[in-house]
>>> print(open('my_file-v5.txt').read())   # compact mmCIF, C-alpha atoms
# COMPACT_ATOMS: atom_id res chain seq x y z
CA MET A 140 16.44 -13.99 -26.95
CA MET A 141 13.23 -13.43 -28.85
CA ASP A 142 13.88 -11.27 -31.86
CA SER A 143 10.98 -9.98 -33.89
CA ASP A 144 10.41 -11.74 -37.17
CA ALA A 145 8.40 -10.82 -40.22
CA SER A 146 5.19 -12.32 -38.90
CA GLY A 147 5.24 -10.25 -35.71
CA SER A 148 5.12 -13.46 -33.66
CA GLY A 149 8.65 -12.90 -32.31
CA GLY A 150 9.61 -16.52 -32.87
CA TRP A 151 6.69 -17.75 -30.77
CA ARG A 152 4.68 -20.60 -32.18
CA PHE A 153 1.64 -22.57 -31.14
CA ALA A 154 2.69 -25.92 -29.62
CA GLN A 155 -0.32 -27.69 -28.06
CA CYS A 156 -3.94 -27.34 -27.06
CA PHE A 157 -5.78 -29.40 -24.44
CA GLY A 158 -9.53 -29.42 -23.88
CA ASP A 159 -12.72 -29.60 -25.88
CA LYS A 160 -12.31 -27.88 -29.25
CA GLY A 161 -16.02 -27.01 -29.62
CA GLU A 162 -17.50 -23.54 -29.96
CA VAL A 163 -17.66 -21.10 -27.02
CA GLU A 164 -21.47 -21.31 -26.91
CA ASP A 165 -21.36 -25.05 -26.06
CA ILE A 166 -19.03 -24.73 -23.07
CA THR A 167 -20.19 -25.92 -19.67
CA GLU A 168 -19.38 -23.48 -16.87
CA ALA A 169 -17.61 -26.19 -14.82
CA ASP A 170 -15.01 -26.73 -17.59
CA ILE A 171 -13.77 -23.12 -17.61
CA ILE A 172 -10.13 -23.04 -16.44
CA SER A 173 -9.65 -20.72 -13.45
CA THR A 174 -5.92 -21.12 -12.69
CA VAL A 175 -2.70 -22.40 -14.36
CA GLU A 176 0.64 -23.11 -12.66
CA PHE A 177 3.98 -24.68 -13.67
CA ASP A 178 5.99 -26.39 -10.93
CA SER A 179 9.52 -25.15 -10.09
CA THR A 180 11.14 -27.53 -12.63
CA GLY A 181 8.69 -26.86 -15.45
CA ASN A 182 8.26 -30.61 -15.94
CA TYR A 183 4.74 -30.53 -14.51
CA LEU A 184 1.83 -28.21 -15.13
CA ALA A 185 -1.40 -27.91 -13.14
CA THR A 186 -4.75 -26.39 -14.05
CA GLY A 187 -7.82 -25.86 -11.88
CA ASP A 188 -11.33 -25.23 -13.15
CA LYS A 189 -14.70 -23.89 -12.02
CA GLY A 190 -15.90 -27.45 -11.43
CA GLY A 191 -13.38 -27.89 -8.59
CA ARG A 192 -11.15 -30.26 -10.57
CA VAL A 193 -7.36 -30.19 -10.75
CA VAL A 194 -5.71 -31.61 -13.89
CA LEU A 195 -1.98 -32.29 -13.98
CA PHE A 196 0.19 -32.61 -17.08
CA GLU A 197 3.76 -33.92 -17.29
CA ARG A 198 6.50 -33.23 -19.79
CA ASN A 199 6.50 -35.68 -22.65
CA GLU A 200 10.18 -36.66 -22.75
CA SER A 201 9.68 -38.75 -25.89
CA LYS A 202 8.97 -35.60 -27.93
CA LYS A 203 11.54 -33.02 -28.86
CA GLY A 204 10.60 -29.51 -27.79
CA CYS A 205 8.43 -28.64 -24.84
CA GLU A 206 5.38 -30.89 -25.08
CA TYR A 207 3.14 -32.17 -22.33
CA LYS A 208 0.84 -35.13 -21.81
CA PHE A 209 -2.00 -35.84 -19.40
CA TYR A 210 -0.77 -37.09 -16.00
CA THR A 211 -3.77 -37.27 -13.69
CA GLU A 212 -7.00 -35.55 -12.69
CA PHE A 213 -8.78 -35.36 -9.33
CA GLN A 214 -11.71 -33.58 -7.69
CA SER A 215 -10.14 -31.08 -5.31
CA HIS A 216 -13.18 -29.20 -3.99
CA GLU A 217 -16.93 -29.85 -3.86
CA PRO A 218 -19.70 -27.23 -3.62
CA GLU A 219 -20.63 -26.48 -0.01
CA PHE A 220 -23.19 -24.44 1.86
CA ASP A 221 -22.50 -22.15 4.82
CA TYR A 222 -25.68 -22.54 6.88
CA LEU A 223 -24.76 -19.77 9.32
CA LYS A 224 -24.42 -17.16 6.58
CA SER A 225 -26.83 -18.78 4.09
CA LEU A 226 -24.09 -18.68 1.47
CA GLU A 227 -23.19 -21.13 -1.24
CA ILE A 228 -19.46 -21.83 -1.41
CA GLU A 229 -18.63 -22.71 -4.99
CA GLU A 230 -16.10 -25.37 -5.85
CA LYS A 231 -14.12 -23.17 -8.29
CA ILE A 232 -10.34 -23.47 -7.83
CA ASN A 233 -8.95 -19.95 -7.31
CA LYS A 234 -5.25 -20.79 -7.07
CA ILE A 235 -2.84 -23.74 -7.21
CA LYS A 236 0.74 -23.63 -5.87
CA TRP A 237 3.31 -26.44 -6.08
CA CYS A 238 5.41 -27.23 -3.01
CA LYS A 239 9.13 -27.92 -3.42
CA ARG A 240 9.56 -31.59 -4.26
CA GLN A 241 11.17 -33.62 -1.45
CA ASN A 242 10.76 -37.17 -2.79
CA SER A 243 9.04 -39.04 -5.60
CA ALA A 244 5.62 -37.64 -4.59
CA HIS A 245 4.29 -34.21 -5.58
CA PHE A 246 2.66 -31.88 -3.06
CA LEU A 247 0.47 -28.99 -4.10
CA LEU A 248 -1.88 -26.51 -2.48
CA SER A 249 -5.26 -25.75 -4.03
CA THR A 250 -7.87 -23.33 -2.76
CA ASN A 251 -11.44 -22.30 -3.46
CA ASP A 252 -13.08 -19.24 -1.81
CA LYS A 253 -12.84 -20.63 1.74
CA THR A 254 -10.81 -23.83 2.09
CA ILE A 255 -7.18 -24.63 1.22
CA LYS A 256 -6.09 -28.24 0.73
CA LEU A 257 -2.65 -29.86 0.57
CA TRP A 258 -2.65 -32.72 -1.94
CA LYS A 259 -0.15 -35.52 -2.22
CA VAL A 260 0.08 -36.92 -5.75
CA PHE A 261 2.09 -40.11 -6.16
CA GLU A 262 2.42 -43.22 -8.28
CA ARG A 263 1.71 -46.58 -6.73
CA SER A 264 1.70 -50.06 -8.18
CA LEU A 265 -1.56 -51.96 -8.33
CA ARG A 266 -1.02 -55.50 -7.07
CA VAL A 267 -3.30 -58.43 -7.84
CA VAL A 268 -3.43 -62.07 -6.77
CA SER A 269 -1.60 -64.00 -9.50
CA GLU A 270 -1.69 -67.47 -7.95
CA SER A 271 -4.08 -69.04 -5.45
CA ASN A 272 -5.64 -72.40 -4.65
CA HIS A 273 -8.38 -71.79 -7.21
CA HIS A 274 -6.61 -69.81 -9.96
CA GLU A 275 -3.27 -69.77 -11.71
CA GLY A 276 -3.20 -66.43 -13.52
CA GLN A 277 -6.52 -66.24 -15.34
CA ARG A 278 -6.90 -70.06 -15.50
CA GLN A 279 -9.18 -71.80 -13.02
CA ILE A 280 -7.72 -74.91 -11.40
CA ALA A 281 -9.22 -77.71 -9.34
CA PRO A 282 -9.23 -77.06 -5.60
CA PRO A 283 -6.58 -78.95 -3.57
CA VAL A 284 -7.65 -82.33 -2.20
CA ASP A 285 -5.28 -82.48 0.78
CA SER A 286 -3.28 -80.08 2.97
CA ALA A 287 0.01 -80.86 1.21
CA ALA A 288 -1.34 -79.36 -2.01
CA LEU A 289 -2.36 -76.09 -0.35
CA ARG A 290 -0.30 -73.10 -1.43
CA LEU A 291 -0.07 -69.50 -0.29
CA PRO A 292 -1.55 -66.89 -2.67
CA ARG A 293 1.05 -64.88 -4.60
CA MET A 294 0.75 -61.21 -5.46
CA ALA A 295 2.08 -59.63 -8.65
CA ALA A 296 2.38 -55.98 -9.70
CA GLN A 297 -0.13 -55.35 -12.46
CA ASP A 298 -0.03 -51.64 -13.22
CA ASN A 299 1.13 -48.25 -11.97
CA ILE A 300 -1.61 -45.77 -11.10
CA VAL A 301 -1.38 -42.09 -10.09
CA THR A 302 -3.22 -41.36 -6.84
CA ALA A 303 -4.12 -38.02 -5.23
CA VAL A 304 -4.89 -37.86 -1.51
CA PRO A 305 -5.60 -34.77 0.62
CA ARG A 306 -2.96 -34.66 3.38
CA LYS A 307 -4.17 -31.48 5.10
CA VAL A 308 -7.30 -29.34 4.96
CA TYR A 309 -6.85 -25.73 6.15
CA SER A 310 -10.35 -24.38 6.80
CA ASN A 311 -12.34 -21.82 8.81
CA ALA A 312 -9.64 -19.15 8.75
CA HIS A 313 -11.13 -16.75 6.19
CA ALA A 314 -14.35 -14.78 6.56
CA TYR A 315 -13.99 -13.40 3.01
CA HIS A 316 -13.06 -14.94 -0.33
CA ILE A 317 -9.47 -16.19 -0.66
CA ASN A 318 -7.76 -14.53 -3.65
CA SER A 319 -4.12 -15.64 -3.19
CA ILE A 320 -1.91 -18.31 -1.72
CA SER A 321 1.89 -18.15 -1.79
CA ILE A 322 4.44 -20.65 -0.47
CA ASN A 323 7.46 -19.29 1.38
CA SER A 324 11.04 -19.88 0.24
CA ASP A 325 11.63 -21.70 3.56
CA GLY A 326 9.40 -24.50 2.26
CA GLU A 327 7.60 -24.73 5.61
CA THR A 328 5.09 -21.88 5.64
CA TYR A 329 2.67 -20.17 3.29
CA ILE A 330 0.32 -17.18 3.27
CA SER A 331 -3.30 -16.98 2.21
CA ALA A 332 -5.02 -13.67 1.53
CA ASP A 333 -8.67 -12.67 1.36
CA ASP A 334 -10.25 -9.23 0.87
CA LEU A 335 -9.28 -7.93 4.31
CA ARG A 336 -6.74 -10.26 5.90
CA VAL A 337 -3.52 -12.16 5.23
CA ASN A 338 -2.89 -15.33 7.27
CA LEU A 339 0.37 -17.21 7.80
CA TRP A 340 0.23 -21.02 7.97
CA ASN A 341 2.65 -23.82 8.68
CA LEU A 342 2.16 -26.53 6.04
CA ASN A 343 2.16 -29.21 8.75
CA ILE A 344 -0.44 -27.52 10.99
CA SER A 345 -3.95 -27.27 9.60
CA ASP A 346 -5.93 -26.12 12.64
CA GLN A 347 -3.96 -22.96 13.42
CA SER A 348 -2.89 -19.89 11.47
CA PHE A 349 -1.53 -16.46 12.39
CA ASN A 350 -3.17 -13.29 11.16
CA ILE A 351 -0.32 -11.07 9.91
CA VAL A 352 -2.28 -8.36 8.05
CA ASP A 353 -5.72 -7.10 8.97
CA ILE A 354 -7.13 -4.03 7.21
CA LYS A 355 -10.70 -4.51 8.42
CA PRO A 356 -11.98 -1.22 9.94
CA VAL A 357 -13.96 -1.28 13.19
CA ASN A 358 -16.90 0.17 11.30
CA MET A 359 -17.35 -1.59 7.94
CA GLU A 360 -18.93 1.57 6.51
CA GLU A 361 -15.46 3.14 6.66
CA LEU A 362 -14.02 0.45 4.38
CA THR A 363 -12.15 2.13 1.51
CA GLU A 364 -9.93 -0.63 0.09
CA VAL A 365 -9.53 -4.39 -0.12
CA ILE A 366 -6.53 -6.70 -0.56
CA THR A 367 -6.42 -8.04 -4.11
CA ALA A 368 -3.27 -10.24 -4.20
CA ALA A 369 -0.34 -11.29 -2.01
CA GLU A 370 2.99 -13.02 -2.62
CA PHE A 371 6.09 -14.06 -0.68
CA HIS A 372 9.53 -12.83 -1.73
CA PRO A 373 11.24 -15.63 -3.76
CA THR A 374 14.41 -15.77 -1.62
CA GLN A 375 13.92 -13.78 1.62
CA CYS A 376 11.51 -15.70 3.81
CA ASN A 377 10.63 -12.71 6.03
CA LEU A 378 9.36 -10.48 3.19
CA PHE A 379 6.01 -10.53 1.43
CA MET A 380 3.91 -8.02 -0.49
CA TYR A 381 0.21 -7.41 -0.93
CA SER A 382 -1.66 -5.18 -3.35
CA SER A 383 -4.88 -3.26 -2.89
CA SER A 384 -7.88 -2.00 -4.83
CA LYS A 385 -6.47 1.54 -4.36
CA GLY A 386 -3.57 0.74 -6.69
CA THR A 387 -0.95 0.43 -3.95
CA ILE A 388 1.58 -2.34 -3.28
CA LYS A 389 2.86 -2.76 0.27
CA LEU A 390 6.02 -4.67 1.16
CA ALA A 391 5.94 -6.08 4.70
CA ASP A 392 8.67 -7.59 6.89
CA MET A 393 7.65 -10.28 9.38
CA ARG A 394 10.76 -9.55 11.47
CA GLU A 395 9.46 -6.05 12.29
CA SER A 396 6.39 -7.18 14.24
CA ALA A 397 3.93 -10.06 14.55
CA LEU A 398 1.14 -8.01 12.95
CA CYS A 399 2.50 -6.50 9.72
CA ASP A 400 0.00 -3.63 9.51
CA ARG A 401 2.88 -1.17 9.20
CA HIS A 402 4.50 -1.74 5.83
CA VAL A 403 8.23 -1.38 5.16
CA LYS A 404 7.74 0.02 1.66
CA LEU A 405 4.80 1.46 -0.24
CA PHE A 406 4.77 1.44 -4.03
CA GLU A 407 2.24 3.91 -5.34
CA GLU A 408 2.01 6.18 -8.34
CA GLU A 409 0.23 9.51 -7.95
CA GLU A 410 -2.81 9.77 -10.18
CA ASP A 411 -2.87 12.46 -12.85
CA PRO A 412 -5.80 14.73 -11.83
CA THR A 413 -6.45 15.67 -15.46
CA THR A 414 -7.36 12.09 -16.41
CA ARG A 415 -9.55 11.44 -13.36
CA SER A 416 -13.00 10.04 -14.15
CA PHE A 417 -15.84 8.06 -12.59
CA PHE A 418 -13.96 4.83 -13.43
CA SER A 419 -10.51 5.89 -12.16
CA GLU A 420 -10.78 4.00 -8.87
CA ILE A 421 -11.99 0.79 -10.54
CA ILE A 422 -9.34 0.71 -13.26
CA SER A 423 -6.50 1.54 -10.85
CA SER A 424 -7.29 -1.52 -8.69
CA ILE A 425 -4.40 -4.01 -8.94
CA SER A 426 -5.52 -7.46 -10.02
CA ASP A 427 -2.17 -9.28 -9.72
CA VAL A 428 1.39 -8.80 -8.41
CA LYS A 429 4.47 -10.92 -9.00
CA PHE A 430 8.10 -10.76 -7.90
CA SER A 431 10.77 -11.41 -10.52
CA HIS A 432 12.62 -14.69 -9.82
CA ASP A 433 15.57 -12.83 -8.25
CA GLY A 434 13.22 -10.69 -6.14
CA ARG A 435 14.62 -7.40 -7.48
CA TYR A 436 11.53 -6.29 -9.44
CA ILE A 437 7.78 -6.28 -8.93
CA LEU A 438 5.27 -6.64 -11.75
CA SER A 439 1.73 -5.37 -11.19
CA ARG A 440 -1.34 -5.43 -13.42
CA ASP A 441 -4.31 -3.08 -13.25
CA TYR A 442 -7.20 -3.00 -15.72
CA LEU A 443 -5.45 -1.09 -18.52
CA SER A 444 -1.73 -1.37 -17.80
CA LEU A 445 1.29 -3.31 -16.55
CA LYS A 446 3.80 -1.67 -14.22
CA ILE A 447 7.34 -2.80 -13.44
CA TRP A 448 8.70 -1.56 -10.11
CA ASP A 449 12.22 -1.67 -8.71
CA VAL A 450 12.05 -2.94 -5.10
CA ASN A 451 14.53 -0.18 -4.17
CA MET A 452 12.48 2.68 -5.69
CA GLU A 453 9.03 3.39 -4.31
CA SER A 454 8.33 6.78 -5.90
CA ARG A 455 7.33 5.62 -9.39
CA PRO A 456 7.45 2.50 -11.58
CA LEU A 457 10.41 1.88 -13.87
CA LYS A 458 8.06 1.15 -16.75
CA THR A 459 4.36 1.56 -17.39
CA ILE A 460 3.07 -0.47 -20.33
CA GLN A 461 -0.40 0.12 -21.76
CA ILE A 462 -2.12 -3.19 -22.54
CA HIS A 463 -5.36 -2.18 -24.23
CA ASP A 464 -5.48 1.61 -24.07
CA HIS A 465 -7.97 1.62 -26.96
CA LEU A 466 -10.59 0.45 -24.42
CA ARG A 467 -10.33 3.69 -22.45
CA GLY A 468 -13.18 5.15 -24.50
CA LYS A 469 -15.34 2.07 -23.90
CA LEU A 470 -15.18 2.02 -20.09
CA CYS A 471 -18.88 2.82 -19.81
CA ASP A 472 -19.82 -0.27 -21.83
CA LEU A 473 -17.31 -2.38 -19.92
CA TYR A 474 -18.86 -1.20 -16.66
CA GLU A 475 -22.33 -2.13 -17.92
CA ASN A 476 -21.27 -5.69 -18.84
CA ASP A 477 -19.09 -6.07 -15.67
CA CYS A 478 -15.91 -6.70 -17.71
CA ILE A 479 -14.28 -3.71 -16.01
CA PHE A 480 -14.00 -5.96 -12.93
CA ASP A 481 -12.09 -8.72 -14.78
CA LYS A 482 -8.92 -9.73 -12.96
CA PHE A 483 -6.05 -10.23 -15.39
CA GLU A 484 -2.92 -12.01 -14.16
CA CYS A 485 0.66 -11.08 -15.10
CA MET A 486 3.95 -12.95 -15.04
CA PHE A 487 7.71 -12.63 -15.51
CA SER A 488 9.69 -14.99 -17.75
CA GLY A 489 12.14 -17.28 -15.95
CA ASP A 490 15.10 -14.99 -16.68
CA GLY A 491 13.10 -11.80 -15.95
CA SER A 492 13.75 -10.36 -19.42
CA HIS A 493 10.10 -10.52 -20.56
CA VAL A 494 6.66 -10.06 -19.03
CA MET A 495 3.30 -11.38 -20.15
CA THR A 496 -0.36 -10.59 -19.58
CA GLY A 497 -3.71 -11.16 -21.28
CA SER A 498 -6.43 -9.13 -22.95
CA TYR A 499 -9.79 -9.68 -24.67
CA HIS A 500 -10.66 -11.71 -27.79
CA ASN A 501 -8.12 -14.30 -26.51
CA TYR A 502 -5.18 -11.95 -27.22
CA PHE A 503 -2.16 -11.97 -24.94
CA ARG A 504 0.96 -9.82 -25.06
CA ILE A 505 4.63 -10.48 -24.32
CA PHE A 506 6.83 -7.46 -23.63
CA ASP A 507 10.59 -7.07 -23.57
CA VAL A 508 11.39 -5.48 -20.19
CA GLU A 509 14.27 -3.37 -21.56
CA THR A 510 12.74 -2.01 -24.77
CA THR A 511 9.00 -2.61 -24.06
CA ASN A 512 8.80 -3.98 -27.63
CA ASP A 513 5.90 -6.35 -27.68
CA ILE A 514 4.52 -9.42 -29.40
CA VAL A 515 0.76 -9.92 -29.69
CA LEU A 516 -0.47 -13.51 -29.90
CA GLN A 517 -3.93 -15.02 -29.95
CA ALA A 518 -4.85 -18.25 -28.16
CA ASP A 519 -7.29 -19.15 -30.88
CA LYS A 520 -8.59 -22.38 -32.32
CA SER A 521 -7.34 -21.34 -35.78
CA ALA A 522 -3.78 -21.90 -34.47
CA PHE A 523 -4.13 -25.65 -33.98
CA LYS A 524 -6.44 -26.04 -36.99
CA ALA A 525 -3.63 -24.60 -39.16
CA LYS A 526 -1.10 -26.90 -37.46
CA LYS A 527 -3.33 -29.95 -37.95
CA MET A 528 -3.70 -29.23 -41.66
CA GLY A 529 0.06 -28.83 -41.91
CA VAL A 530 -0.33 -25.65 -43.93
CA GLN A 531 0.16 -21.96 -43.40
CA GLY A 532 -3.48 -21.16 -42.60
CA MET A 533 -5.36 -18.62 -44.64
CA GLY A 534 -6.79 -15.84 -42.53
CA LYS A 535 -9.02 -12.92 -43.44
CA GLY A 536 -5.98 -10.90 -44.48
CA GLY A 537 -4.11 -13.54 -46.46
CA PRO A 538 -1.52 -16.09 -45.33
CA GLN A 539 -0.84 -16.56 -41.65
CA LYS A 540 2.08 -18.11 -39.83
CA ASN A 541 0.77 -20.19 -36.89
CA GLY A 542 -2.39 -18.12 -36.94
CA VAL A 543 -0.40 -14.85 -37.05
CA ARG A 544 -0.82 -12.58 -40.05
CA PRO A 545 2.20 -10.71 -41.46
CA GLY A 546 2.28 -7.35 -39.73
CA GLY A 547 1.20 -9.03 -36.50
CA LEU A 548 -2.02 -8.96 -34.54
CA LYS A 549 -1.47 -5.57 -32.90
CA GLU A 550 -3.44 -3.60 -35.48
CA GLN A 551 -6.16 -6.24 -35.54
CA MET A 552 -6.37 -6.14 -31.72
CA ASN A 553 -7.01 -2.39 -31.82
CA LEU A 554 -9.38 -2.37 -34.77
CA GLU A 555 -11.64 -5.37 -34.63
CA THR A 556 -14.79 -5.68 -32.58
CA LEU A 557 -13.52 -7.49 -29.53
CA ASP A 558 -15.41 -10.43 -28.06
CA PHE A 559 -15.41 -9.64 -24.34
CA ASN A 560 -16.50 -13.19 -23.49
CA LYS A 561 -13.14 -14.46 -24.77
CA LYS A 562 -10.42 -13.30 -22.40
CA ILE A 563 -6.99 -14.45 -21.27
CA LEU A 564 -7.08 -14.02 -17.49
CA HIS A 565 -4.78 -16.86 -16.40
CA GLY A 566 -1.39 -18.09 -17.52
CA SER A 567 1.98 -19.37 -16.35
CA TRP A 568 5.53 -19.07 -17.72
CA HIS A 569 7.88 -22.07 -17.69
CA PRO A 570 10.58 -21.28 -15.07
CA ARG A 571 13.52 -22.30 -17.31
CA GLU A 572 12.37 -22.07 -20.92
CA ASN A 573 10.40 -19.82 -23.21
CA THR A 574 7.20 -21.84 -22.98
CA ILE A 575 3.95 -20.37 -21.75
CA ALA A 576 0.68 -21.99 -20.73
CA ILE A 577 -2.46 -19.96 -21.38
CA ALA A 578 -6.02 -20.62 -20.19
CA ALA A 579 -8.52 -19.61 -22.87
CA THR A 580 -11.99 -20.40 -21.46
CA ASN A 581 -12.01 -24.24 -21.35
CA ASN A 582 -8.82 -24.78 -23.37
CA LEU A 583 -5.20 -24.88 -22.26
CA PHE A 584 -2.86 -23.50 -24.94
CA LEU A 585 0.90 -23.95 -24.94
CA TYR A 586 3.18 -21.64 -26.93
CA SER A 587 6.95 -21.96 -27.33
CA ALA A 588 9.75 -19.77 -28.63
CA ALA A 589 13.07 -21.05 -29.97
>>> encode(input="my_file-v5.txt", output="structure tokens")
Amino acid sequence: MMDSDASGSGGWRFAQCFGDKGEVEDITEADIISTVEFDSTGNYLATGDKGGRVVLFERNESKKGCEYKFYTEFQSHEPEFDYLKSLEIEEKINKIKWCKRQNSAHFLLSTNDKTIKLWKVFERSLRVVSESNHHEGQRQIAPPVDSAALRLPRMAAQDNIVTAVPRKVYSNAHAYHINSISINSDGETYISADDLRVNLWNLNISDQSFNIVDIKPVNMEELTEVITAAEFHPTQCNLFMYSSSKGTIKLADMRESALCDRHVKLFEEEEDPTTRSFFSEIISSISDVKFSHDGRYILSRDYLSLKIWDVNMESRPLKTIQIHDHLRGKLCDLYENDCIFDKFECMFSGDGSHVMTGSYHNYFRIFDVETTNDIVLQADKSAFKAKKMGVQGMGKGGPQKNGVRPGGLKEQMNLETLDFNKKILHGSWHPRENTIAIAATNNLFLYSAA
């Protein structure tokens, strides 16, 4: 368990940072990380960026602790143009999901706004001609003078290389931007969700999908909500949930009917009329939903808060945790600079005892589910600079432990002028250990707790 210590870091420490360590101003748009995902073992980690690239990391077994090393990188999506709608389709990777591993190869799904691809990533040996009639190894030899001296060329393994090949391309099924993909526990099917529809696919069939949720009204002027996220239940292959911009979460059962427009359960909290404002609808929109690993609880994130729901209780959440309530008075400014539309992700720890989500100025928060005690950490370059120097770094307020000042970062998070360009939107929690991967603009940070 993670007990609080004097530094307020709760035993969490900075472990690694990948990516260019330059200043935020020098970052190219294509290098900004747009999704992070551990595989089911935690031995591999994938990131996708706005340039359409997927980078994979593997556990470095030679190091003690949870450390990773570069495994491979490939171009998953290219920019396209929809000539019928005169729309540019950007290459940005919206989501990556790992398939259950069946053999030595890895399979993973990656998606941009319109097209989902199934990638096979595997190691193969590079073979070269080691002996021939003209060469023996690198040495050139005289050509044979008669047929008796002729010899067959011999091949030898030279090196192992990691190759990525697209096995399936699932296209032309979404009229709107894809926001979620989720692989079913049966290992055969997956869902993809856009603003108005959820489609069910078989991993082996790329030219056919079934529409299982459709909230598009006949008259688009009557549109009042959009789908913001969707996820399959971790163990029951017939159940999935989807969240909406109205702050509702609907649980659907595919056994009930082919079109799951009628939900089985609706998780919604009544809004307090006294706090209603112009921004209420925007800030109540759910940006992410996750099941706990046992499927008993649901975690949802809206702009200002995290909510933990019990699957068996629809009336109200078990816990509501305010993430950055001090921004409530700044909603007008956040609306002006479009930050109010930022989509923060949330996640459960592997054992379900903690939850995590991000905030601005590269802060992220880890909460204990039982007590809602929290730890505030900052995915900041000062963390690895302090580690590199091998000293307890000196911050503005005196000594810091791994970039964390005594007394923690909570007060600092509330007081200081936040940089809204630095934000922790994406992250992933190791399924078996207290290790988290955080995307901070173009850097991937890894933090571990003992």
>>> atom_distance(input="my_file-v5.txt", atom1="atom CA of Lys385 of chain A", atom2="atom CA of Val508 of chain A")
24.9 Å
>>> closest_atom_pairs(input="my_file-v5.txt", of="segment 327-403 of chain A", to="segment 415-437 of chain A", cutoff="8 Å", atoms="all atoms listed in the file", output="CSV")
residue,atom,partner,partner_atom,distance
A:Thr367,CA,A:Ser426,CA,6.0
A:Ala368,CA,A:Asp427,CA,5.7
A:Ala369,CA,A:Val428,CA,7.1
A:Glu370,CA,A:Lys429,CA,6.9
A:His372,CA,A:Gly434,CA,6.1
A:Pro373,CA,A:Gly434,CA,5.8
A:Thr374,CA,A:Gly434,CA,6.9
A:Tyr381,CA,A:Val428,CA,7.7
A:Ser382,CA,A:Ile425,CA,6.3
A:Ser383,CA,A:Ile425,CA,6.1
A:Ser384,CA,A:Ser424,CA,3.9
A:Lys385,CA,A:Ser424,CA,5.4
A:Gly386,CA,A:Ser424,CA,4.8
A:Thr387,CA,A:Ile425,CA,7.5
>>> atom_distance(input="my_file-v5.txt", atom1="atom CA of Asp165 of chain A", atom2="atom CA of Gly190 of chain A")
15.8 Å
>>> atom_distance(input="my_file-v5.txt", atom1="atom CA of Ser444 of chain A", atom2="atom CA of Ser179 of chain A")
27.4 Å
>>> closest_residue(input="my_file-v5.txt", among="A:His316, A:Lys404, A:Lys203, A:Lys458", to="Asp392 of chain A", atoms="all atoms listed in the file")
A:Lys404
>>> closest_residue(input="my_file-v5.txt", among="A:Val260, A:Val194, A:Ile563, A:Leu466", to="Ile232 of chain A", atoms="all atoms listed in the file")
A:Val194
